[in-house]
file coords.tsv (TSV, C-alpha atoms)
chain	number	residue	atom	x	y	z
A	27	MET	CA	-20.73	-30.23	-131.68
A	28	SER	CA	-21.08	-32.02	-128.51
A	29	SER	CA	-21.20	-29.99	-125.42
A	30	SER	CA	-19.79	-32.75	-123.29
A	31	LYS	CA	-17.92	-31.47	-120.29
A	32	SER	CA	-14.70	-32.99	-119.23
A	33	PRO	CA	-15.12	-34.84	-115.93
A	34	PHE	CA	-12.11	-32.93	-114.71
A	35	ALA	CA	-13.60	-29.52	-115.44
A	36	THR	CA	-15.04	-29.20	-111.95
A	37	THR	CA	-11.94	-30.48	-110.24
A	38	PRO	CA	-10.32	-27.15	-109.42
A	39	ALA	CA	-13.47	-25.88	-107.77
A	40	LEU	CA	-13.95	-29.13	-105.89
A	41	PHE	CA	-10.35	-29.12	-104.87
A	42	ALA	CA	-10.67	-25.57	-103.58
A	43	ILE	CA	-13.76	-26.48	-101.56
A	44	LEU	CA	-12.06	-29.52	-100.11
A	45	LEU	CA	-9.02	-27.44	-99.23
A	46	ALA	CA	-11.16	-24.82	-97.54
A	47	CYS	CA	-13.04	-27.49	-95.60
A	48	SER	CA	-9.89	-29.19	-94.42
A	49	ALA	CA	-8.44	-25.83	-93.38
A	50	ALA	CA	-11.60	-25.03	-91.46
A	51	LEU	CA	-11.57	-28.45	-89.83
A	52	ALA	CA	-7.95	-28.01	-88.90
A	53	ALA	CA	-8.74	-24.63	-87.36
A	54	VAL	CA	-11.62	-26.13	-85.41
A	55	GLY	CA	-9.33	-28.95	-84.36
A	56	GLU	CA	-6.83	-26.44	-83.08
A	57	GLU	CA	-9.41	-24.31	-81.30
A	58	LYS	CA	-11.18	-27.17	-79.58
A	59	PRO	CA	-8.44	-27.88	-77.02
A	60	VAL	CA	-8.09	-24.14	-76.39
A	61	ALA	CA	-11.82	-23.85	-75.75
A	62	GLN	CA	-11.69	-26.94	-73.52
A	63	ALA	CA	-8.74	-25.43	-71.66
A	64	LYS	CA	-10.74	-22.28	-71.02
A	65	GLU	CA	-13.59	-24.38	-69.64
A	66	GLN	CA	-11.16	-26.13	-67.30
A	67	VAL	CA	-9.72	-22.78	-66.19
A	68	ALA	CA	-13.19	-21.46	-65.38
A	69	PHE	CA	-14.18	-24.63	-63.56
A	70	GLY	CA	-10.93	-24.55	-61.63
A	71	ILE	CA	-11.75	-21.04	-60.42
A	72	GLU	CA	-15.15	-22.21	-59.24
A	73	VAL	CA	-13.74	-25.06	-57.19
A	74	ALA	CA	-10.88	-22.93	-55.87
A	75	GLN	CA	-13.44	-20.43	-54.61
A	76	LEU	CA	-14.97	-23.29	-52.64
A	77	GLY	CA	-11.56	-24.04	-51.16
A	78	LEU	CA	-11.11	-27.24	-53.16
A	79	TRP	CA	-7.54	-26.49	-54.15
A	80	LYS	CA	-6.58	-30.07	-55.01
A	81	GLU	CA	-9.32	-30.26	-57.57
A	82	ALA	CA	-8.36	-26.82	-58.83
A	83	ILE	CA	-4.84	-28.14	-59.40
A	84	TYR	CA	-6.29	-31.05	-61.36
A	85	ARG	CA	-8.42	-28.70	-63.50
A	86	TRP	CA	-5.67	-26.23	-64.24
A	87	SER	CA	-3.12	-28.97	-64.94
A	88	LYS	CA	-5.56	-30.33	-67.48
A	89	ALA	CA	-5.96	-26.84	-68.94
A	90	VAL	CA	-2.18	-26.58	-69.28
A	91	GLU	CA	-2.09	-29.98	-70.99
A	92	LEU	CA	-4.76	-28.86	-73.45
A	93	ASP	CA	-3.25	-25.45	-74.04
A	94	PRO	CA	0.38	-25.20	-72.94
A	95	GLN	CA	0.44	-21.58	-74.14
A	96	SER	CA	-2.22	-20.49	-71.63
A	97	ALA	CA	-0.55	-18.07	-69.24
A	98	ARG	CA	-3.77	-17.82	-67.27
A	99	ALA	CA	-3.96	-21.54	-66.60
A	100	ARG	CA	-0.32	-21.53	-65.53
A	101	ASN	CA	-0.85	-18.50	-63.28
A	102	ASN	CA	-3.80	-20.15	-61.58
A	103	LEU	CA	-1.94	-23.42	-61.26
A	104	ALA	CA	0.94	-21.54	-59.62
A	105	VAL	CA	-1.44	-19.92	-57.11
A	106	ALA	CA	-2.88	-23.34	-56.25
A	107	HIS	CA	0.58	-24.87	-55.77
A	108	GLU	CA	1.49	-21.93	-53.55
A	109	GLN	CA	-1.64	-22.43	-51.47
A	110	MET	CA	-0.67	-26.10	-51.04
A	111	GLY	CA	2.84	-25.14	-49.92
A	112	GLU	CA	4.38	-26.61	-53.10
A	113	PHE	CA	6.75	-23.72	-53.66
A	114	ASP	CA	9.04	-25.19	-56.30
A	115	GLU	CA	6.13	-26.13	-58.52
A	116	ALA	CA	4.53	-22.72	-57.96
A	117	ASN	CA	7.76	-20.97	-58.90
A	118	GLN	CA	8.05	-23.00	-62.08
A	119	GLU	CA	4.49	-22.23	-63.18
A	120	TYR	CA	4.73	-18.51	-62.38
A	121	GLU	CA	7.91	-18.29	-64.43
A	122	ARG	CA	6.33	-20.10	-67.37
A	123	ALA	CA	3.25	-17.85	-67.14
A	124	LEU	CA	5.45	-14.76	-67.21
A	125	GLU	CA	7.42	-16.11	-70.16
A	126	LEU	CA	4.14	-16.42	-72.03
A	127	GLU	CA	2.72	-13.06	-70.94
A	128	PRO	CA	5.55	-10.92	-69.61
A	129	SER	CA	3.46	-7.76	-69.47
A	130	ASN	CA	0.51	-9.22	-67.57
A	131	ILE	CA	0.37	-7.10	-64.43
A	132	TYR	CA	-1.70	-9.62	-62.48
A	133	ILE	CA	0.73	-12.47	-63.04
A	134	ARG	CA	3.63	-10.16	-62.23
A	135	GLN	CA	1.94	-9.01	-59.02
A	136	ASN	CA	1.21	-12.59	-57.95
A	137	TYR	CA	4.78	-13.59	-58.71
A	138	GLU	CA	6.28	-10.71	-56.73
A	139	LEU	CA	4.15	-11.53	-53.70
A	140	PHE	CA	4.99	-15.20	-54.05
A	141	ARG	CA	8.74	-14.47	-54.28
A	142	GLU	CA	8.60	-12.75	-50.89
A	143	ALA	CA	7.17	-15.83	-49.22
A	144	TYR	CA	9.40	-18.15	-51.25
A	145	GLU	CA	12.59	-16.28	-50.36
A	146	ARG	CA	11.60	-16.27	-46.70
A	147	LYS	CA	11.01	-20.00	-46.81
A	148	LYS	CA	14.34	-20.61	-48.54
A	149	ARG	CA	16.11	-18.50	-45.93
A	150	THR	CA	14.54	-20.40	-43.06
A	151	ASP	CA	15.34	-23.72	-44.77
A	152	ARG	CA	18.96	-22.67	-45.17
A	153	ARG	CA	19.09	-21.61	-41.53
A	154	SER	CA	17.72	-24.91	-40.33
A	155	GLY	CA	20.34	-26.64	-42.46
A	156	SER	CA	23.05	-24.86	-40.46
A	157	ASN	CA	22.34	-26.94	-37.37
B	5	MET	CA	-13.37	-13.54	-52.86
B	6	SER	CA	-14.39	-11.13	-55.52
B	7	GLU	CA	-14.69	-10.99	-59.25
B	8	ARG	CA	-13.51	-7.81	-60.88
B	9	SER	CA	-13.07	-6.55	-64.34
B	10	ALA	CA	-9.53	-5.58	-65.10
B	11	PRO	CA	-8.54	-1.94	-64.96
B	12	THR	CA	-7.28	-0.41	-68.16
B	13	GLY	CA	-3.55	-0.53	-68.40
B	14	GLY	CA	-3.16	3.12	-69.37
B	15	ARG	CA	-4.72	5.96	-71.29
B	16	GLY	CA	-4.35	6.40	-75.00
B	17	ARG	CA	-2.55	9.69	-75.25
B	18	THR	CA	-1.83	10.58	-78.81
B	19	GLU	CA	-1.52	13.65	-80.89
B	20	ARG	CA	-3.18	12.07	-83.87
B	21	GLY	CA	-6.59	13.20	-82.85
B	22	LEU	CA	-9.54	12.24	-80.85
B	23	GLY	CA	-10.53	9.46	-83.19
B	24	THR	CA	-7.39	7.44	-82.53
B	25	ALA	CA	-7.60	8.08	-78.79
B	26	ALA	CA	-11.19	6.97	-78.70
B	27	ALA	CA	-10.36	3.84	-80.69
B	28	THR	CA	-7.47	3.02	-78.36
B	29	ALA	CA	-9.63	3.57	-75.31
B	30	LEU	CA	-12.32	1.37	-76.79
B	31	LEU	CA	-9.83	-1.38	-77.53
B	32	LEU	CA	-8.46	-1.22	-74.01
B	33	ALA	CA	-11.94	-1.26	-72.57
B	34	LEU	CA	-12.77	-4.27	-74.68
B	35	ALA	CA	-9.60	-6.04	-73.62
B	36	ALA	CA	-10.38	-5.25	-70.00
B	37	ALA	CA	-13.91	-6.50	-70.34
B	38	CYS	CA	-12.59	-9.78	-71.72
B	39	THR	CA	-10.26	-10.24	-68.73
B	40	SER	CA	-12.01	-11.11	-65.54
B	41	TYR	CA	-10.01	-11.81	-62.49
B	42	TYR	CA	-10.79	-13.15	-59.09
B	43	GLU	CA	-8.99	-12.12	-55.95
B	44	VAL	CA	-8.67	-15.08	-53.62
B	45	PRO	CA	-7.30	-15.24	-50.10
B	46	ILE	CA	-4.58	-17.82	-49.66
B	47	GLU	CA	-2.97	-19.32	-46.60
B	48	VAL	CA	0.42	-20.82	-47.23
B	49	PRO	CA	1.32	-23.50	-44.70
B	50	ILE	CA	4.92	-23.67	-43.51
B	51	SER	CA	5.62	-26.68	-41.32
B	52	ALA	CA	7.62	-26.41	-38.10
B	53	LYS	CA	11.30	-27.18	-38.37
B	54	LEU	CA	11.46	-29.20	-35.18
B	55	ASP	CA	9.26	-32.14	-34.44
B	56	VAL	CA	8.07	-31.24	-30.96
B	57	GLU	CA	5.38	-33.92	-30.74
B	58	LYS	CA	7.23	-35.86	-28.05
B	59	TYR	CA	7.69	-32.82	-25.82
B	60	ASN	CA	4.73	-31.59	-23.89
B	61	ARG	CA	6.63	-28.94	-22.05
B	62	ILE	CA	9.16	-26.29	-22.86
B	63	LEU	CA	11.59	-24.52	-20.57
B	64	ILE	CA	13.13	-21.18	-21.48
B	65	ALA	CA	16.24	-21.61	-19.41
B	66	GLY	CA	17.87	-18.23	-19.96
B	67	PHE	CA	20.73	-17.07	-22.12
B	68	VAL	CA	24.36	-16.14	-21.99
B	69	THR	CA	24.41	-12.48	-22.88
B	70	GLN	CA	26.80	-9.85	-24.09
B	71	THR	CA	25.72	-6.23	-24.09
B	72	ASN	CA	26.94	-2.91	-22.78
B	73	GLU	CA	23.52	-1.30	-23.18
B	74	ASN	CA	21.28	-0.48	-20.27
B	75	LEU	CA	18.92	-3.45	-20.38
B	76	ASP	CA	18.62	-6.91	-18.85
B	77	LEU	CA	18.89	-8.89	-22.08
B	78	ASP	CA	18.44	-12.26	-20.41
B	79	ALA	CA	15.36	-11.39	-18.33
B	80	GLU	CA	13.65	-9.48	-21.15
B	81	THR	CA	14.17	-12.29	-23.65
B	82	VAL	CA	13.02	-15.02	-21.27
B	83	ARG	CA	9.87	-13.06	-20.46
B	84	LEU	CA	9.14	-12.27	-24.11
B	85	LEU	CA	9.66	-15.83	-25.36
B	86	ARG	CA	7.58	-17.32	-22.58
B	87	ASN	CA	4.68	-14.99	-23.37
B	88	GLN	CA	4.90	-15.65	-27.09
B	89	LEU	CA	5.07	-19.41	-26.68
B	90	ARG	CA	2.13	-19.41	-24.30
B	91	THR	CA	-0.12	-17.88	-26.93
B	92	ARG	CA	1.43	-19.23	-30.11
B	93	SER	CA	2.46	-22.79	-29.43
B	94	LYS	CA	0.82	-25.93	-28.08
B	95	LEU	CA	3.63	-26.60	-25.64
B	96	GLN	CA	3.20	-26.02	-21.93
B	97	VAL	CA	5.60	-23.25	-20.96
B	98	LEU	CA	7.31	-23.85	-17.63
B	99	ASP	CA	7.71	-21.02	-15.18
B	100	ALA	CA	11.04	-21.64	-13.58
B	101	ASP	CA	13.73	-19.37	-12.22
B	102	ILE	CA	17.07	-20.61	-13.35
B	103	GLU	CA	20.35	-19.05	-12.30
B	104	PRO	CA	21.64	-16.62	-14.93
B	105	LEU	CA	23.93	-18.51	-17.28
B	106	GLY	CA	26.48	-15.83	-17.86
B	107	ASP	CA	26.81	-12.11	-18.37
B	108	PHE	CA	29.68	-11.26	-20.71
B	109	SER	CA	29.28	-7.48	-20.64
B	110	GLU	CA	32.44	-5.40	-20.39
B	111	LYS	CA	31.62	-4.33	-16.85
B	112	THR	CA	30.95	-7.84	-15.56
B	113	LEU	CA	33.99	-9.29	-17.29
B	114	GLU	CA	36.12	-6.70	-15.58
B	115	GLN	CA	34.49	-7.10	-12.15
B	116	SER	CA	34.67	-10.87	-12.23
B	117	GLY	CA	38.32	-10.89	-13.18
B	118	MET	CA	37.57	-12.63	-16.48
B	119	LEU	CA	39.46	-9.99	-18.42
B	120	GLU	CA	42.56	-10.68	-16.37
B	121	LYS	CA	42.09	-14.35	-17.00
B	122	PHE	CA	41.91	-13.69	-20.71
B	123	LYS	CA	45.07	-11.62	-20.51
B	124	GLU	CA	46.82	-14.51	-18.81
B	125	VAL	CA	45.69	-16.88	-21.54
B	126	GLU	CA	46.83	-14.37	-24.15
B	127	ASP	CA	50.26	-13.95	-22.52
B	128	LYS	CA	50.70	-17.68	-22.18
B	129	ALA	CA	49.85	-18.23	-25.82
B	130	LYS	CA	52.31	-15.51	-26.78
B	131	SER	CA	55.14	-16.96	-24.67
B	132	GLU	CA	54.55	-20.47	-25.96
B	133	GLY	CA	54.35	-19.25	-29.55
B	134	GLU	CA	50.79	-20.53	-29.95
B	135	GLU	CA	48.25	-18.97	-32.25
B	136	GLN	CA	46.43	-16.17	-30.45
B	137	ILE	CA	42.69	-15.79	-30.46
B	138	SER	CA	40.71	-12.57	-30.32
B	139	ARG	CA	38.81	-11.59	-27.22
B	140	GLN	CA	35.49	-12.22	-28.96
B	141	GLU	CA	36.62	-15.71	-29.98
B	142	TRP	CA	37.60	-16.36	-26.40
B	143	ILE	CA	34.18	-15.14	-25.17
B	144	ASP	CA	32.48	-17.41	-27.73
B	145	LEU	CA	34.48	-20.39	-26.48
B	146	GLU	CA	33.61	-19.61	-22.87
B	147	GLN	CA	29.94	-19.33	-23.81
B	148	ASP	CA	30.08	-22.61	-25.74
B	149	LYS	CA	31.48	-24.34	-22.65
B	150	ILE	CA	28.32	-23.40	-20.77
B	151	LEU	CA	25.86	-24.14	-23.56
B	152	GLU	CA	27.38	-27.45	-24.58
B	153	ASP	CA	27.67	-28.86	-21.06
B	154	GLU	CA	25.43	-31.89	-21.53
B	155	GLU	CA	25.72	-32.93	-17.89
B	156	PHE	CA	24.44	-29.56	-16.73
B	157	TRP	CA	21.47	-29.63	-19.10
B	158	ARG	CA	20.64	-33.22	-18.23
B	159	GLU	CA	20.41	-32.20	-14.57
B	160	ILE	CA	18.15	-29.30	-15.44
B	161	GLY	CA	16.08	-31.66	-17.60
B	162	GLU	CA	15.74	-34.13	-14.75
B	163	GLU	CA	14.65	-31.40	-12.38
B	164	TYR	CA	11.83	-30.30	-14.71
B	165	GLN	CA	10.73	-33.74	-16.01
B	166	ASN	CA	12.61	-33.68	-19.32
B	167	PRO	CA	11.18	-30.74	-21.19
B	168	LEU	CA	12.51	-29.24	-24.39
B	169	ILE	CA	15.01	-26.65	-23.19
B	170	VAL	CA	15.60	-23.37	-25.00
B	171	THR	CA	18.78	-21.46	-24.31
B	172	GLY	CA	21.46	-19.73	-26.35
B	173	LYS	CA	23.62	-16.68	-26.87
B	174	LEU	CA	22.41	-13.13	-27.14
B	175	ALA	CA	24.47	-10.11	-28.08
B	176	PHE	CA	23.04	-6.62	-28.37
B	177	SER	CA	25.07	-3.56	-29.26
B	178	SER	CA	24.81	-0.09	-30.70
B	179	GLU	CA	27.07	0.95	-33.51
B	180	SER	CA	27.60	4.13	-35.43
B	181	ARG	CA	26.11	3.91	-38.89
B	182	SER	CA	26.85	7.52	-39.89
B	183	GLY	CA	27.88	8.03	-43.46
B	184	LEU	CA	26.77	8.98	-46.92
B	185	VAL	CA	23.22	7.96	-47.70
B	186	ARG	CA	21.89	7.85	-51.21
B	187	ASN	CA	18.76	9.87	-51.89
B	188	ASP	CA	16.82	9.05	-55.03
B	189	ARG	CA	13.93	11.28	-55.99
B	190	TYR	CA	11.86	11.83	-59.07
B	191	THR	CA	11.29	15.24	-60.62
B	192	ARG	CA	9.68	16.32	-63.89
B	193	ASP	CA	11.56	18.03	-66.66
B	194	ALA	CA	10.34	20.84	-68.93
B	195	PHE	CA	8.44	18.28	-71.02
B	196	ASN	CA	6.75	16.83	-67.95
B	197	ARG	CA	8.76	13.61	-68.20
B	198	PRO	CA	9.76	11.95	-64.91
B	199	GLN	CA	13.47	12.06	-64.20
B	200	LEU	CA	15.50	10.31	-61.54
B	201	VAL	CA	17.77	12.61	-59.52
B	202	ARG	CA	20.42	10.91	-57.41
B	203	SER	CA	22.35	12.55	-54.59
B	204	ASN	CA	24.40	11.54	-51.57
B	205	THR	CA	24.06	13.25	-48.21
B	206	PHE	CA	25.90	12.66	-44.96
B	207	GLN	CA	23.68	11.45	-42.14
B	208	GLU	CA	24.45	10.78	-38.52
B	209	ARG	CA	22.84	7.49	-37.64
B	210	THR	CA	22.97	4.86	-34.94
B	211	GLY	CA	22.41	1.18	-35.55
B	212	TYR	CA	21.31	-1.38	-32.99
B	213	VAL	CA	22.33	-4.95	-33.73
B	214	LEU	CA	20.87	-8.06	-32.15
B	215	ASN	CA	22.65	-11.38	-32.63
B	216	ALA	CA	20.80	-14.36	-31.27
B	217	GLU	CA	21.74	-17.99	-31.42
B	218	PHE	CA	19.10	-20.30	-30.01
B	219	TYR	CA	19.96	-23.77	-28.73
B	220	PHE	CA	17.20	-26.36	-28.46
B	221	ILE	CA	18.25	-29.00	-25.97
B	222	GLU	CA	16.64	-32.33	-25.20
B	223	GLY	CA	16.07	-32.37	-21.44
B	224	GLU	CA	16.41	-36.15	-21.21
B	225	THR	CA	19.90	-36.36	-22.70
B	226	GLY	CA	21.19	-32.81	-22.39
B	227	ARG	CA	22.05	-32.92	-26.08
B	228	THR	CA	21.54	-29.99	-28.46
B	229	ILE	CA	19.08	-31.10	-31.12
B	230	HIS	CA	18.81	-27.87	-33.05
B	231	ARG	CA	20.68	-24.58	-33.24
B	232	GLU	CA	19.77	-21.49	-35.15
B	233	ARG	CA	21.32	-18.07	-35.48
B	234	PHE	CA	19.55	-14.79	-36.28
B	235	THR	CA	20.89	-11.31	-36.84
B	236	GLU	CA	18.72	-8.22	-36.98
B	237	GLU	CA	19.68	-4.58	-37.25
B	238	VAL	CA	17.75	-1.33	-37.02
B	239	ILE	CA	19.12	2.09	-37.91
B	240	TYR	CA	17.90	5.38	-36.48
B	241	GLY	CA	18.62	8.94	-37.58
B	242	ARG	CA	20.13	11.50	-35.22
B	243	ASP	CA	16.73	13.07	-34.54
B	244	GLU	CA	15.10	9.81	-33.52
B	245	GLN	CA	15.49	9.41	-29.80
B	246	THR	CA	15.08	5.69	-29.39
B	247	SER	CA	16.10	3.84	-26.26
B	248	ALA	CA	18.06	0.62	-26.30
B	249	LEU	CA	15.04	-1.20	-24.84
B	250	SER	CA	12.69	0.03	-27.60
B	251	SER	CA	15.21	-1.00	-30.24
B	252	TYR	CA	15.57	-4.39	-28.63
B	253	PHE	CA	11.79	-4.93	-28.79
B	254	GLU	CA	11.69	-3.81	-32.40
B	255	LEU	CA	14.41	-6.29	-33.32
B	256	MET	CA	12.80	-9.09	-31.33
B	257	ASP	CA	9.49	-8.42	-33.12
B	258	ARG	CA	11.27	-9.05	-36.41
B	259	LEU	CA	12.98	-12.15	-35.15
B	260	LEU	CA	10.05	-13.78	-33.36
B	261	PRO	CA	8.20	-15.21	-36.40
B	262	ASN	CA	11.37	-17.05	-37.40
B	263	PHE	CA	11.92	-18.29	-33.87
B	264	LEU	CA	8.32	-19.50	-33.58
B	265	SER	CA	8.51	-21.22	-36.96
B	266	ILE	CA	11.05	-23.61	-35.44
B	267	LEU	CA	8.51	-24.88	-32.92
B	268	SER	CA	5.11	-24.50	-34.51
B	269	PRO	CA	3.73	-24.48	-38.04
B	270	GLN	CA	3.25	-21.02	-39.44
B	271	THR	CA	0.81	-19.67	-41.98
B	272	PHE	CA	1.55	-16.87	-44.39
B	273	ARG	CA	-1.63	-15.11	-45.40
B	274	GLY	CA	-2.13	-13.07	-48.52
B	275	THR	CA	-4.23	-12.63	-51.63
B	276	ARG	CA	-3.56	-13.76	-55.16
B	277	ILE	CA	-5.30	-13.20	-58.46
B	278	LEU	CA	-6.86	-15.97	-60.52
B	279	LEU	CA	-7.35	-15.25	-64.20
B	280	LYS	CA	-10.22	-16.50	-66.34
call {"tool": "encode", "arguments": {"input": "coords.tsv", "output": "structure tokens"}}
result
Amino acid sequence: MSSSKSPFATTPALFAILLACSAALAAVGEEKPVAQAKEQVAFGIEVAQLGLWKEAIYRWSKAVELDPQSARARNNLAVAHEQMGEFDEANQEYERALELEPSNIYIRQNYELFREAYERKKRTDRRSGSN
Amino acid sequence: MSERSAPTGGRGRTERGLGTAAATALLLALAAACTSYYEVPIEVPISAKLDVEKYNRILIAGFVTQTNENLDLDAETVRLLRNQLRTRSKLQVLDADIEPLGDFSEKTLEQSGMLEKFKEVEDKAKSEGEEQISRQEWIDLEQDKILEDEEFWREIGEEYQNPLIVTGKLAFSSESRSGLVRNDRYTRDAFNRPQLVRSNTFQERTGYVLNAEFYFIEGETGRTIHRERFTEEVIYGRDEQTSALSSYFELMDRLLPNFLSILSPQTFRGTRILLK
């Protein structure tokens, strides 16, 4: 009796390995932008600490592009827009950050402080419009 | 700028035993350790509303006033604005004594015969079947006549080499604000849970109201280039003995940043938190 193995005997195992590999690759593929986004967030903080807010905006915008679900990147981007006097953009980013992490006390605190300044600005803008 | 590790959001209080509490605390500590945040100072620039580049000088020309309180609203405001602008704007503030523009207090209106004049106008309107205006509306119109007299302001402008002129209307009054005031306080129930207790109590209070409308006039043409109105109110309890003058200063302190933001860029300072 020949003990010849069917060439397809190993197929299920091979198939399983291939499936596992592709799943792992897909996971890595998903995680890579997230990891890159984190790098951009960290780098943005470094440059912001040096007062380079325009570059910080660039870094955090990139982080948001890489990981649109990053509440931290959006929070930081909002702070940078606020610092630059770009209130509408800051408002938008704070709101998106809070949508993503509604219970984050730091984002909430930033947003509340920002709203004070934003409301004041809107009031003064309205007043000047009444000329 | 400082880096801090995040504080734990709360303590794991559970009846299931120390093991669960310890695990919760550990998880929170781990979560906190993973979150680092950086407190950064920020300065938010707010640009001036008026472009004052072409004016080197500014003249606070006085105000038409309306108050029955014991204070010289015109003189106090002129002095205060001059001092503030000297330290907080780039414009050269002119020291000039200009004739008072108009005092519309009850006493002055009566002494000057203005009230009689108003009565005449009122009677005439009544006899001719015209629509009547209130006394305040009439005062406003009289004040507008002064403030919108371009010829007058052009002459003042010429006299002081065409500065930016600041004038306007000021009204300061005290009003009763007595009434029911809501008191909210928190107490703890038998299970140590916080509970909100609401109650209303009657309080005797006095409110001081300051209405200011500033006119910014181009000295060269006498034309009003910007106008802005502010209203501020402060309320005191019966036990607080506060003079009209002190209240006026309190209200002006609130109003000044907004007034200054018309002429010079302002910066709001604060701190924000960056998250890693």
call {"tool": "atom_distance", "arguments": {"input": "coords.tsv", "atom1": "CA of Glu112 (chain A)", "atom2": "CA of Gln66 (chain A)"}}
result
21.1 Å
call {"tool": "residues_around", "arguments": {"input": "coords.tsv", "residues": "Glu217 (chain B)", "least_positions_apart": "2", "cutoff": "7 Å", "atoms": "all atoms listed in the file", "output": "ChimeraX atom specification"}}
result
/B:172-174,215,219,231-234
call {"tool": "interface_residues", "arguments": {"input": "coords.tsv", "of": "chain A", "to": "chain B", "cutoff": "10 Å", "atoms": "only C-alpha atoms", "output": "PyMOL selection string"}}
result
chain A and resi 64-71+74-77+97-113+130-133+135-137+139-140+143+146-147+149-151+153-157
call {"tool": "atom_distance", "arguments": {"input": "coords.tsv", "atom1": "CA of Ser268 (chain B)", "atom2": "CA of Thr91 (chain B)"}}
result
11.3 Å
call {"tool": "atom_distance", "arguments": {"input": "coords.tsv", "atom1": "CA of Arg181 (chain B)", "atom2": "CA of Trp142 (chain B)"}}
result
26.4 Å
call {"tool": "residues_around", "arguments": {"input": "coords.tsv", "residues": "region 64-71 of chain B", "least_positions_apart": "5", "cutoff": "10 Å", "atoms": "all atoms listed in the file", "output": "PDB file with C-alpha atoms, in the frame of the given file"}}
result
ATOM      1  CA  ASP B  76      18.620  -6.910 -18.850  1.00  0.00           C
ATOM      2  CA  LEU B  77      18.890  -8.890 -22.080  1.00  0.00           C
ATOM      3  CA  ASP B  78      18.440 -12.260 -20.410  1.00  0.00           C
ATOM      4  CA  ALA B  79      15.360 -11.390 -18.330  1.00  0.00           C
ATOM      5  CA  GLU B  80      13.650  -9.480 -21.150  1.00  0.00           C
ATOM      6  CA  THR B  81      14.170 -12.290 -23.650  1.00  0.00           C
ATOM      7  CA  VAL B  82      13.020 -15.020 -21.270  1.00  0.00           C
ATOM      8  CA  ARG B  83       9.870 -13.060 -20.460  1.00  0.00           C
ATOM      9  CA  LEU B  85       9.660 -15.830 -25.360  1.00  0.00           C
ATOM     10  CA  ARG B  86       7.580 -17.320 -22.580  1.00  0.00           C
ATOM     11  CA  LEU B  89       5.070 -19.410 -26.680  1.00  0.00           C
ATOM     12  CA  VAL B  97       5.600 -23.250 -20.960  1.00  0.00           C
ATOM     13  CA  LEU B  98       7.310 -23.850 -17.630  1.00  0.00           C
ATOM     14  CA  ASP B  99       7.710 -21.020 -15.180  1.00  0.00           C
ATOM     15  CA  ALA B 100      11.040 -21.640 -13.580  1.00  0.00           C
ATOM     16  CA  ASP B 101      13.730 -19.370 -12.220  1.00  0.00           C
ATOM     17  CA  ILE B 102      17.070 -20.610 -13.350  1.00  0.00           C
ATOM     18  CA  GLU B 103      20.350 -19.050 -12.300  1.00  0.00           C
ATOM     19  CA  PRO B 104      21.640 -16.620 -14.930  1.00  0.00           C
ATOM     20  CA  LEU B 105      23.930 -18.510 -17.280  1.00  0.00           C
ATOM     21  CA  GLY B 106      26.480 -15.830 -17.860  1.00  0.00           C
ATOM     22  CA  ASP B 107      26.810 -12.110 -18.370  1.00  0.00           C
ATOM     23  CA  PHE B 108      29.680 -11.260 -20.710  1.00  0.00           C
ATOM     24  CA  SER B 109      29.280  -7.480 -20.640  1.00  0.00           C
ATOM     25  CA  GLU B 110      32.440  -5.400 -20.390  1.00  0.00           C
ATOM     26  CA  LYS B 111      31.620  -4.330 -16.850  1.00  0.00           C
ATOM     27  CA  THR B 112      30.950  -7.840 -15.560  1.00  0.00           C
ATOM     28  CA  LEU B 113      33.990  -9.290 -17.290  1.00  0.00           C
ATOM     29  CA  ILE B 143      34.180 -15.140 -25.170  1.00  0.00           C
ATOM     30  CA  GLU B 146      33.610 -19.610 -22.870  1.00  0.00           C
ATOM     31  CA  GLN B 147      29.940 -19.330 -23.810  1.00  0.00           C
ATOM     32  CA  ASP B 148      30.080 -22.610 -25.740  1.00  0.00           C
ATOM     33  CA  ILE B 150      28.320 -23.400 -20.770  1.00  0.00           C
ATOM     34  CA  LEU B 151      25.860 -24.140 -23.560  1.00  0.00           C
ATOM     35  CA  TRP B 157      21.470 -29.630 -19.100  1.00  0.00           C
ATOM     36  CA  ILE B 160      18.150 -29.300 -15.440  1.00  0.00           C
ATOM     37  CA  PRO B 167      11.180 -30.740 -21.190  1.00  0.00           C
ATOM     38  CA  LEU B 168      12.510 -29.240 -24.390  1.00  0.00           C
ATOM     39  CA  ILE B 169      15.010 -26.650 -23.190  1.00  0.00           C
ATOM     40  CA  VAL B 170      15.600 -23.370 -25.000  1.00  0.00           C
ATOM     41  CA  THR B 171      18.780 -21.460 -24.310  1.00  0.00           C
ATOM     42  CA  GLY B 172      21.460 -19.730 -26.350  1.00  0.00           C
ATOM     43  CA  LYS B 173      23.620 -16.680 -26.870  1.00  0.00           C
ATOM     44  CA  LEU B 174      22.410 -13.130 -27.140  1.00  0.00           C
ATOM     45  CA  ALA B 175      24.470 -10.110 -28.080  1.00  0.00           C
ATOM     46  CA  PHE B 176      23.040  -6.620 -28.370  1.00  0.00           C
ATOM     47  CA  SER B 177      25.070  -3.560 -29.260  1.00  0.00           C
ATOM     48  CA  SER B 178      24.810  -0.090 -30.700  1.00  0.00           C
ATOM     49  CA  LEU B 214      20.870  -8.060 -32.150  1.00  0.00           C
ATOM     50  CA  ASN B 215      22.650 -11.380 -32.630  1.00  0.00           C
ATOM     51  CA  ALA B 216      20.800 -14.360 -31.270  1.00  0.00           C
ATOM     52  CA  GLU B 217      21.740 -17.990 -31.420  1.00  0.00           C
ATOM     53  CA  PHE B 218      19.100 -20.300 -30.010  1.00  0.00           C
ATOM     54  CA  TYR B 219      19.960 -23.770 -28.730  1.00  0.00           C
ATOM     55  CA  PHE B 220      17.200 -26.360 -28.460  1.00  0.00           C
TER      56      PHE B 220
END
